[in-house]
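Asker: Before we start, here is the structure in question, set down as structure tokens.
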Amino acid sequence: MPIIKESPVHVVQVRAFCEECGGELKSTGFGWPDFPMKYEHICDGCGNRYMLEMVYPATEFGTVHRHAGAGRA
Ligand SMILES: [Zn+2]
């Protein structure tokens, strides 16, 4: 039998921003069956369209360090 252990994690939200205006990129829900997959995003500031390899905003899990500060793990 494997040994199963639990450890606490913290959750971070990963967001993408427009290189033109700094607006936030939001997924439109459309994806292209490319390799790797490409997901369409539109800037909520200027309307620029970006094809990205993952969907933003995304959720990632990081390891919790006992005396970690507020930054990302
Ligand atoms: Zn923009």
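The way I read the labels, and the way they are meant: chains A, B, ... in the order of the structure tokens, residue 1 as the first residue of every chain, and ligand 1 as the first ligand shown, with later ones counted on from there.
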Chain A: which residues are strand (DSSP E) by DSSP, as a PDB file with C-alpha atoms, in the first residue's frame?
Answerer:
```pdb
ATOM      1  CA  VAL A   9      -1.309  24.406   0.333  1.00  0.00           C
ATOM      2  CA  HIS A  10      -2.163  27.966  -0.463  1.00  0.00           C
ATOM      3  CA  VAL A  11      -4.110  29.024  -3.515  1.00  0.00           C
ATOM      4  CA  VAL A  12      -2.975  31.790  -5.817  1.00  0.00           C
ATOM      5  CA  GLN A  13      -4.829  33.365  -8.694  1.00  0.00           C
ATOM      6  CA  VAL A  14      -2.700  33.845 -11.810  1.00  0.00           C
ATOM      7  CA  LEU A  25      -7.023  39.412 -20.334  1.00  0.00           C
ATOM      8  CA  LYS A  26     -10.152  37.345 -19.956  1.00  0.00           C
ATOM      9  CA  SER A  27     -10.862  34.020 -21.609  1.00  0.00           C
ATOM     10  CA  THR A  28     -13.651  34.112 -24.178  1.00  0.00           C
ATOM     11  CA  GLY A  29     -14.251  30.382 -23.746  1.00  0.00           C
ATOM     12  CA  PHE A  30     -13.011  29.590 -27.265  1.00  0.00           C
ATOM     13  CA  GLY A  31     -10.128  27.198 -27.741  1.00  0.00           C
ATOM     14  CA  TRP A  32      -8.212  26.139 -30.865  1.00  0.00           C
ATOM     15  CA  LYS A  38      -4.555  27.805 -27.668  1.00  0.00           C
ATOM     16  CA  TYR A  39      -7.235  29.700 -25.796  1.00  0.00           C
ATOM     17  CA  GLU A  40      -8.657  32.993 -26.947  1.00  0.00           C
ATOM     18  CA  HIS A  41      -8.529  35.937 -24.543  1.00  0.00           C
ATOM     19  CA  ILE A  42      -9.657  39.516 -24.964  1.00  0.00           C
ATOM     20  CA  CYS A  43      -8.222  42.530 -23.150  1.00  0.00           C
ATOM     21  CA  ARG A  49      -7.042  39.488 -28.812  1.00  0.00           C
ATOM     22  CA  TYR A  50      -4.477  37.042 -27.463  1.00  0.00           C
ATOM     23  CA  MET A  51      -4.119  33.298 -28.068  1.00  0.00           C
ATOM     24  CA  LEU A  52      -2.649  31.805 -24.917  1.00  0.00           C
ATOM     25  CA  ALA A  58      -6.031  30.562 -13.485  1.00  0.00           C
ATOM     26  CA  THR A  59      -5.805  28.996 -10.063  1.00  0.00           C
ATOM     27  CA  GLU A  60      -2.573  27.434  -8.869  1.00  0.00           C
ATOM     28  CA  PHE A  61      -1.621  25.731  -5.664  1.00  0.00           C
ATOM     29  CA  GLY A  62       1.623  26.412  -3.862  1.00  0.00           C
ATOM     30  CA  THR A  63       3.208  24.705  -0.911  1.00  0.00           C
TER      31      THR A  63
END
```
Asker: Quick one: contact table of chain A to ligand 1, 6 Å max, nearest atom pair and distance in Å to one decimal per residue, counting only C-alpha atoms and all ligand atoms, chain and number order, as CSV?
Answerer:
```
residue,atom,partner,partner_atom_place_in_ligand_line,distance
A:Cys18,CA,ligand 1,1 (Zn),4.5
A:Glu20,CA,ligand 1,1 (Zn),5.1
A:Cys21,CA,ligand 1,1 (Zn),4.2
A:Gly22,CA,ligand 1,1 (Zn),5.7
A:Gly23,CA,ligand 1,1 (Zn),4.8
A:Cys43,CA,ligand 1,1 (Zn),4.7
A:Gly45,CA,ligand 1,1 (Zn),4.7
A:Cys46,CA,ligand 1,1 (Zn),4.0
A:Gly47,CA,ligand 1,1 (Zn),5.9
A:Asn48,CA,ligand 1,1 (Zn),5.4
```
Asker: Kindly give the distance, in Å, that separates atom CA of A:Val64 and atom CA of A:Ala16, rounded to a single decimal.
Answerer: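 Interatomic distance here is 23.5 Å.
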Asker: With only C-alpha atoms as the atoms that count, which of A:Glu24, A:Glu6, A:Arg15, A:Asp34 lies nearest to A:Val55?
Answerer: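 For A:Val55, the nearest of the given residues is A:Arg15.
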Asker: Would you please work out which residue, of A:Asp44, A:Phe17, A:Pro2, A:Pro33, is nearest to A:Tyr56 when using only C-alpha atoms?
Answerer: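 For A:Tyr56, the nearest of the candidates is A:Phe17.
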